[in-house]
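K.L.:
To be precise about what I am sending: the file is called input.cif and holds mmCIF, C-alpha atoms.
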```cif
data_data
loop_
_atom_site.label_atom_id
_atom_site.label_comp_id
_atom_site.auth_asym_id
_atom_site.auth_seq_id
_atom_site.Cartn_x
_atom_site.Cartn_y
_atom_site.Cartn_z
CA MET S 216 0.00 0.00 0.00
CA THR S 217 1.38 3.33 -1.04
CA ARG S 218 1.87 6.24 1.36
CA THR S 219 -0.96 8.19 -0.30
CA ALA S 220 -3.39 5.30 0.15
CA MET S 221 -2.44 4.95 3.82
CA GLN S 222 -3.15 8.65 4.44
CA GLN S 223 -6.54 8.39 2.69
CA THR S 224 -7.46 5.29 4.70
CA THR S 225 -6.46 7.02 7.95
CA ARG S 226 -8.49 10.14 7.15
CA LYS S 227 -11.57 8.05 6.30
CA ASP S 228 -11.48 6.25 9.66
CA PRO S 229 -14.65 7.41 11.47
CA GLY S 230 -13.03 6.88 14.90
CA MET S 231 -10.40 9.53 14.32
CA GLY S 232 -10.64 13.25 13.80
CA PRO S 233 -8.93 15.22 11.08
CA LEU S 234 -5.18 15.19 11.07
CA PRO S 235 -3.48 18.32 12.31
CA GLU S 236 -1.83 20.53 9.82
CA ALA S 237 1.90 20.84 9.61
CA GLY S 238 3.47 23.15 12.20
CA THR S 239 0.61 22.75 14.67
CA THR S 240 1.76 22.66 18.33
CA PHE S 241 0.09 20.42 20.91
CA GLU S 242 -1.00 21.97 24.25
CA PRO S 243 -2.33 19.77 27.10
CA ALA S 244 -5.94 20.54 27.97
CA GLU S 245 -6.75 21.49 31.55
CA ASP S 246 -8.56 18.70 33.32
CA ALA S 247 -10.76 19.68 36.29
CA THR S 248 -10.65 16.13 37.59
CA PHE S 249 -6.87 16.17 38.08
CA ALA S 250 -7.04 19.66 39.59
CA SER S 251 -9.47 18.49 42.25
CA LEU S 252 -7.43 15.44 43.29
CA PRO S 253 -5.14 17.24 45.81
CA ALA S 254 -8.12 18.84 47.59
CA GLU S 255 -9.95 15.52 47.78
CA PHE S 256 -6.80 13.81 49.07
CA ASP S 257 -6.32 16.44 51.81
CA HIS S 258 -9.97 16.10 52.79
CA GLN S 259 -9.64 12.33 53.07
CA MET S 260 -6.47 12.64 55.14
CA LEU S 261 -8.13 15.07 57.56
CA ALA S 262 -11.17 12.82 57.86
CA GLU S 263 -8.96 9.79 58.60
CA ARG S 264 -7.02 11.68 61.24
CA ARG S 265 -10.26 12.87 62.84
CA ARG S 266 -11.61 9.33 62.92
CA ALA S 267 -8.32 8.05 64.38
CA ARG S 268 -8.43 10.67 67.18
CA ILE S 269 -12.04 9.87 67.99
CA LYS S 270 -11.26 6.15 68.04
CA GLU S 271 -8.28 6.73 70.32
CA LYS S 272 -10.34 8.82 72.76
CA VAL S 273 -13.11 6.23 72.83
CA THR S 274 -10.57 3.48 73.50
CA VAL S 275 -8.87 5.46 76.27
CA TRP S 276 -12.14 6.21 78.04
CA ALA S 277 -13.31 2.64 77.62
CA VAL S 278 -10.12 1.37 79.28
CA ARG S 279 -10.43 3.94 82.07
CA LEU S 280 -14.06 3.17 82.82
CA GLY S 281 -13.44 -0.56 82.54
CA ALA S 282 -10.51 -0.42 84.98
CA LEU S 283 -12.51 1.75 87.40
CA GLY S 284 -15.52 -0.55 87.18
CA ALA S 285 -13.38 -3.65 87.75
CA PHE S 286 -11.70 -2.03 90.76
CA LEU S 287 -15.01 -0.97 92.34
CA TRP S 288 -16.57 -4.36 91.68
CA GLY S 289 -13.60 -6.14 93.25
CA TRP S 290 -13.76 -3.82 96.24
CA TRP S 291 -17.50 -4.39 96.63
CA TYR S 292 -17.07 -8.18 96.30
CA VAL S 293 -14.34 -8.31 98.95
CA SER S 294 -16.35 -6.20 101.42
CA SER S 295 -19.81 -7.74 100.82
CA ASN S 296 -18.61 -11.36 100.91
CA GLN S 297 -16.43 -10.72 103.96
CA VAL S 298 -13.26 -11.87 102.24
CA LEU S 299 -11.71 -9.25 104.52
CA ASP S 300 -13.22 -7.82 107.67
CA PRO S 301 -15.76 -5.16 106.53
CA ALA S 302 -14.81 -3.06 109.53
CA LEU S 303 -11.29 -2.74 108.11
CA ILE S 304 -12.07 -2.17 104.43
CA SER S 305 -15.56 -0.63 104.41
CA ALA S 306 -17.57 -0.59 101.14
CA PRO S 307 -17.52 1.70 98.09
CA GLY S 308 -21.03 2.95 98.81
CA ASP S 309 -20.16 3.83 102.41
CA VAL S 310 -17.06 5.71 101.28
CA ALA S 311 -19.06 7.66 98.67
CA ARG S 312 -21.70 8.64 101.24
CA THR S 313 -19.05 9.67 103.75
CA PHE S 314 -17.23 11.73 101.15
CA ILE S 315 -20.44 13.57 100.23
CA ASN S 316 -21.19 14.19 103.90
CA GLN S 317 -17.72 15.63 104.42
CA LEU S 318 -18.25 18.07 101.58
CA ALA S 319 -20.99 19.66 103.70
CA ASP S 320 -18.66 19.97 106.71
CA SER S 321 -16.97 23.37 107.08
CA THR S 322 -14.01 21.89 108.98
CA PHE S 323 -13.31 19.63 106.02
CA TRP S 324 -12.84 22.63 103.74
CA THR S 325 -10.66 24.27 106.36
CA ASP S 326 -8.39 21.22 106.27
CA VAL S 327 -8.42 21.18 102.45
CA GLY S 328 -7.46 24.86 102.36
CA SER S 329 -4.65 24.32 104.85
CA THR S 330 -3.16 21.43 102.90
CA PHE S 331 -3.62 23.15 99.54
CA SER S 332 -2.00 26.40 100.68
CA GLY S 333 1.00 24.57 102.14
CA ALA S 334 1.40 22.51 98.96
CA MET S 335 1.13 25.59 96.72
CA VAL S 336 3.70 27.58 98.72
CA GLY S 337 6.02 24.58 98.61
CA LEU S 338 5.46 24.19 94.86
CA VAL S 339 6.08 27.85 94.02
CA ILE S 340 9.12 28.43 96.23
CA GLY S 341 10.60 24.97 95.69
CA SER S 342 10.19 25.24 91.91
CA ALA S 343 11.74 28.71 91.72
CA ALA S 344 14.69 27.71 93.90
CA GLY S 345 15.14 24.39 92.09
CA ILE S 346 15.10 25.97 88.62
CA LEU S 347 17.56 28.66 89.69
CA ALA S 348 19.91 26.11 91.27
CA GLY S 349 19.64 23.86 88.21
CA VAL S 350 20.56 26.73 85.88
CA ILE S 351 23.53 27.75 88.03
CA PHE S 352 24.87 24.21 88.36
CA ALA S 353 24.40 23.52 84.64
CA ARG S 354 26.28 26.66 83.60
CA VAL S 355 29.01 26.33 86.26
CA PRO S 356 29.99 22.63 86.23
CA VAL S 357 32.79 23.16 88.76
CA LEU S 358 30.30 24.44 91.31
CA HIS S 359 28.03 21.44 90.73
CA THR S 360 30.95 19.04 91.13
CA ALA S 361 31.91 20.67 94.43
CA ALA S 362 28.32 20.67 95.76
CA SER S 363 27.36 17.22 94.47
CA PRO S 364 28.16 15.25 97.67
CA PHE S 365 26.16 17.67 99.82
CA LEU S 366 23.23 17.67 97.41
CA THR S 367 23.19 13.88 97.37
CA LEU S 368 23.29 13.77 101.16
CA MET S 369 20.40 16.22 101.54
CA ASN S 370 18.33 14.55 98.84
CA SER S 371 18.77 11.13 100.45
CA LEU S 372 17.26 12.31 103.74
CA PRO S 373 13.73 10.93 104.19
CA ARG S 374 11.24 13.80 104.21
CA PRO S 375 9.19 12.42 107.16
CA ALA S 376 12.39 12.66 109.22
CA LEU S 377 12.60 16.38 108.47
CA ALA S 378 9.03 17.10 109.60
CA PRO S 379 9.67 16.67 113.38
CA ILE S 380 12.70 18.96 113.17
CA PHE S 381 10.76 21.67 111.35
CA ILE S 382 7.91 21.32 113.86
CA LEU S 383 10.40 21.68 116.71
CA TRP S 384 11.77 24.85 115.12
CA PHE S 385 8.57 26.50 113.88
CA GLY S 386 5.78 24.87 115.89
CA LEU S 387 2.53 23.23 114.79
CA GLY S 388 1.63 25.78 112.16
CA PHE S 389 1.91 26.56 108.49
CA GLY S 390 5.71 26.69 108.31
CA PRO S 391 6.65 23.00 108.70
CA LYS S 392 4.32 21.70 105.97
CA ALA S 393 5.51 24.37 103.54
CA LEU S 394 9.17 23.62 104.29
CA VAL S 395 8.72 19.87 103.80
CA ALA S 396 6.97 20.52 100.49
CA ILE S 397 9.77 22.88 99.43
CA SER S 398 12.42 20.29 100.28
CA VAL S 399 10.69 17.72 98.08
CA VAL S 400 9.97 19.97 95.08
CA PHE S 401 13.39 21.64 95.08
CA PHE S 402 15.37 18.52 94.15
CA VAL S 403 12.86 17.42 91.51
CA LEU S 404 13.07 20.74 89.63
CA MET S 405 16.82 21.11 90.12
CA THR S 406 17.48 17.69 88.58
CA ASN S 407 15.08 18.27 85.68
CA THR S 408 16.51 21.70 84.89
CA MET S 409 20.12 20.54 84.93
CA SER S 410 19.36 17.54 82.73
CA ALA S 411 17.41 19.64 80.23
CA ILE S 412 20.07 22.33 79.86
CA LYS S 413 22.96 19.88 79.69
CA GLY S 414 21.05 17.75 77.19
CA LEU S 415 20.97 20.54 74.59
CA ASP S 416 22.23 19.43 71.19
CA HIS S 417 25.98 20.09 70.87
CA ASP S 418 25.62 21.20 67.23
CA ILE S 419 23.15 23.90 68.26
CA SER S 420 25.56 25.18 70.90
CA GLN S 421 28.41 25.27 68.38
CA LEU S 422 26.22 27.08 65.85
CA ALA S 423 25.29 29.71 68.43
CA LYS S 424 28.95 30.24 69.27
CA SER S 425 29.89 30.49 65.61
CA LEU S 426 27.25 33.22 65.17
CA GLY S 427 28.97 35.26 67.87
CA MET S 428 26.17 35.03 70.44
CA THR S 429 27.11 35.93 74.00
CA ARG S 430 26.49 33.56 76.92
CA ARG S 431 23.52 35.65 77.96
CA GLN S 432 22.01 35.50 74.45
CA ARG S 433 22.62 31.76 74.18
CA PHE S 434 20.88 31.15 77.48
CA PHE S 435 17.77 33.30 76.94
CA LYS S 436 17.30 32.58 73.22
CA ILE S 437 18.39 28.94 72.93
CA GLU S 438 19.17 27.04 76.14
CA PHE S 439 16.29 28.03 78.42
CA PRO S 440 13.55 27.92 75.72
CA ALA S 441 14.75 24.45 74.70
CA ALA S 442 14.73 23.27 78.32
CA LEU S 443 11.35 24.82 79.16
CA PRO S 444 9.18 21.82 78.13
CA SER S 445 11.22 19.49 80.37
CA ILE S 446 11.06 21.98 83.24
CA VAL S 447 7.27 22.26 82.98
CA GLY S 448 7.13 18.46 82.84
CA GLY S 449 9.05 18.40 86.12
CA LEU S 450 6.46 20.75 87.60
CA ARG S 451 3.80 18.04 87.16
CA LEU S 452 5.81 15.68 89.33
CA GLY S 453 6.60 18.49 91.75
CA ALA S 454 2.89 19.30 92.15
CA VAL S 455 2.12 15.77 93.28
CA TYR S 456 5.12 15.70 95.60
CA SER S 457 4.18 19.05 97.13
CA VAL S 458 0.84 17.62 98.30
CA LEU S 459 2.68 14.56 99.57
CA GLY S 460 5.14 16.68 101.55
CA ALA S 461 2.40 18.81 103.10
CA VAL S 462 0.34 15.76 104.10
CA VAL S 463 3.36 13.99 105.62
CA SER S 464 4.15 17.03 107.76
CA GLU S 465 0.52 17.27 108.89
CA MET S 466 0.50 13.60 109.83
CA VAL S 467 3.51 14.16 112.08
CA GLY S 468 1.92 17.15 113.76
CA ALA S 469 -0.37 20.05 112.84
CA TYR S 470 -3.46 21.91 113.97
CA THR S 471 -5.31 21.56 110.65
CA GLY S 472 -4.93 19.76 107.34
CA LEU S 473 -5.97 16.59 105.57
CA GLY S 474 -2.99 14.72 107.01
CA GLN S 475 -4.01 15.53 110.58
CA ARG S 476 -7.62 14.68 109.76
CA LEU S 477 -6.49 11.34 108.35
CA VAL S 478 -4.59 10.48 111.53
CA VAL S 479 -7.60 11.33 113.73
CA MET S 480 -10.00 9.23 111.63
CA THR S 481 -7.59 6.28 111.52
CA ASN S 482 -7.01 6.35 115.28
CA ASN S 483 -10.79 6.23 115.79
CA PHE S 484 -11.16 3.27 113.36
CA LEU S 485 -13.41 5.28 111.02
CA VAL S 486 -12.40 3.40 107.90
CA ALA S 487 -14.95 4.95 105.54
CA ASP S 488 -13.88 8.44 106.63
CA THR S 489 -10.24 7.46 106.12
CA PHE S 490 -10.85 6.34 102.55
CA ALA S 491 -12.90 9.48 101.90
CA ILE S 492 -9.95 11.64 102.99
CA LEU S 493 -7.59 9.65 100.79
CA LEU S 494 -9.98 10.28 97.91
CA ALA S 495 -9.90 14.01 98.65
CA MET S 496 -6.08 13.96 98.61
CA GLY S 497 -6.08 12.19 95.26
CA ILE S 498 -8.53 14.68 93.75
CA LEU S 499 -6.40 17.58 95.01
CA SER S 500 -3.27 16.12 93.40
CA MET S 501 -5.15 15.43 90.16
CA PHE S 502 -6.39 19.04 90.08
CA LEU S 503 -2.85 20.42 90.36
CA ASP S 504 -1.58 17.95 87.77
CA LEU S 505 -4.41 18.92 85.39
CA VAL S 506 -3.58 22.63 85.67
CA ILE S 507 0.14 22.11 85.07
CA SER S 508 -0.46 19.63 82.21
CA GLY S 509 -2.49 22.38 80.50
CA LEU S 510 0.47 24.72 80.94
CA GLN S 511 2.75 22.03 79.53
CA ARG S 512 0.61 21.67 76.39
CA LEU S 513 0.74 25.43 75.85
CA VAL S 514 4.53 25.46 76.18
CA ILE S 515 5.00 22.52 73.81
CA ARG S 516 2.62 24.07 71.28
CA SER S 517 4.52 27.38 71.37
CA HIS S 518 7.81 25.57 70.66
CA ARG S 519 6.60 23.76 67.55
#
```
Please, can you express the file's structure as structure tokens?
P.N.:
Amino acid sequence: MTRTAMQQTTRKDPGMGPLPEAGTTFEPAEDATFASLPAEFDHQMLAERRRARIKEKVTVWAVRLGALGAFLWGWWYVSSNQVLDPALISAPGDVARTFINQLADSTFWTDVGSTFSGAMVGLVIGSAAGILAGVIFARVPVLHTAASPFLTLMNSLPRPALAPIFILWFGLGFGPKALVAISVVFFVLMTNTMSAIKGLDHDISQLAKSLGMTRRQRFFKIEFPAALPSIVGGLRLGAVYSVLGAVVSEMVGAYTGLGQRLVVMTNNFLVADTFAILLAMGILSMFLDLVISGLQRLVIRSHR
């Protein structure tokens, strides 16, 4: 078949359009379908992430409620079937009723306020002193090396052993519980601050030095902002320990406070009241932890 016949056959094919003329340039046509693919893909990704977050939250709450239900059921079974002496373990319902009754007692709120104020003073002062000491020891390694044996000795002292001494010095008032809380929180924040500042990436430190930044600039613009999330994380642990320190001091000796109330109820074999006070202590610690965890999320979000 000649070339002319092939061209005529091709042009007569009903499935094909007319051949382009010589010198015609081809330009790709815009396709709306391909243009909409990225938007649809982003929408699907966001929907999948949303479903994954919802599924995770549902799973977390299911585990929490399941664990709480299993614990309460086991407690109720042990008390109702007298596996243990009911006079020594009480029952979940009795504890709940006692806790509600205590909420209507003005002396209960006086004790809560006393413990909370002592814990907060210990948290604020202990955190400030611990962060300052951690910064100084991290930036002056020689000073930390010299003070290390004394710090280890003081940190190894059991806090309940300090409470009688503070009570002997300052009496049965607000001072001893605040000092015990300070002594606990101080070492937690000092250790966290030192570890966070010393753990800064070496390449970042070298880059800051190569840019001619002074020690003051490196600290306020690089070192401390990088260590801030770890420091706030240490505050969560310090908040729980501050309540623990205040309660321990009150148990040794105090006029008011949840610790002193716990000792009185235990000595009178009021088991339901004892568990109700322990519940109040746990709620107080959870409240402080919730507040500081919110602060931690804000700090982490600002550093992203």
K.L.:
Figure out the distance between CA of Gly448 in chain S and CA of Glu271 in chain S, please, to one decimal in Å.
P.N.:
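Separation between CA of Glu271 in chain S and CA of Gly448 in chain S: 23.1 Å.
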K.L.:
Fewer than 6 positions away in the same chain doesn't count, so skip those; otherwise give me all residues within 6 Å of Asp326 in chain S, counting all atoms listed in the file, as JSON, numbers by chain.
P.N.:
{"S": [471, 472, 473]}
K.L.:
Generate a file of the selected residues that holds C-alpha atoms, formatted as a short mmCIF file (atom, residue, chain, number, x, y, z; two decimals), in the frame of the given file.
P.N.:
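Wrote it out as again-v2.cif, contents follow:
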```cif
data_model
loop_
_atom_site.label_atom_id
_atom_site.label_comp_id
_atom_site.auth_asym_id
_atom_site.auth_seq_id
_atom_site.Cartn_x
_atom_site.Cartn_y
_atom_site.Cartn_z
CA THR S 471 -5.31 21.56 110.65
CA GLY S 472 -4.93 19.76 107.34
CA LEU S 473 -5.97 16.59 105.57
#
```
K.L.:
Residues picked by the PyMOL selection byres ((chain S and resi 306-320) around 7) here, as a list of chain:residue names?
P.N.:
S:Leu287, S:Trp290, S:Trp291, S:Ser294, S:Ile304, S:Ser305, S:Ser321, S:Thr322, S:Phe323, S:Ala487, S:Asp488, S:Phe490, S:Ala491
K.L.:
Could you save the residues just selected, with C-alpha atoms, as a PDB file, keeping the file's coordinate frame?
P.N.:
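Contents of selection-v9.pdb, freshly written:
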```pdb
ATOM      1  CA  LEU S 287     -15.010  -0.970  92.340  1.00  0.00           C
ATOM      2  CA  TRP S 290     -13.760  -3.820  96.240  1.00  0.00           C
ATOM      3  CA  TRP S 291     -17.500  -4.390  96.630  1.00  0.00           C
ATOM      4  CA  SER S 294     -16.350  -6.200 101.420  1.00  0.00           C
ATOM      5  CA  ILE S 304     -12.070  -2.170 104.430  1.00  0.00           C
ATOM      6  CA  SER S 305     -15.560  -0.630 104.410  1.00  0.00           C
ATOM      7  CA  SER S 321     -16.970  23.370 107.080  1.00  0.00           C
ATOM      8  CA  THR S 322     -14.010  21.890 108.980  1.00  0.00           C
ATOM      9  CA  PHE S 323     -13.310  19.630 106.020  1.00  0.00           C
ATOM     10  CA  ALA S 487     -14.950   4.950 105.540  1.00  0.00           C
ATOM     11  CA  ASP S 488     -13.880   8.440 106.630  1.00  0.00           C
ATOM     12  CA  PHE S 490     -10.850   6.340 102.550  1.00  0.00           C
ATOM     13  CA  ALA S 491     -12.900   9.480 101.900  1.00  0.00           C
TER      14      ALA S 491
END
```
K.L.:
Kindly indicate which residue among S:Ala393, S:Leu303, S:Ala442, S:Met409 lies nearest to Phe352 in chain S, using all atoms listed in the file for the distances.
P.N.:
S:Met409
K.L.:
So, counting all atoms listed in the file, which residue among S:Ala454, S:Val399, S:Leu358, S:Val478 is closest to Asp504 in chain S?
P.N.:
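Of S:Ala454, S:Val399, S:Leu358, S:Val478, the one nearest Asp504 in chain S, counting all atoms listed in the file, is S:Ala454.
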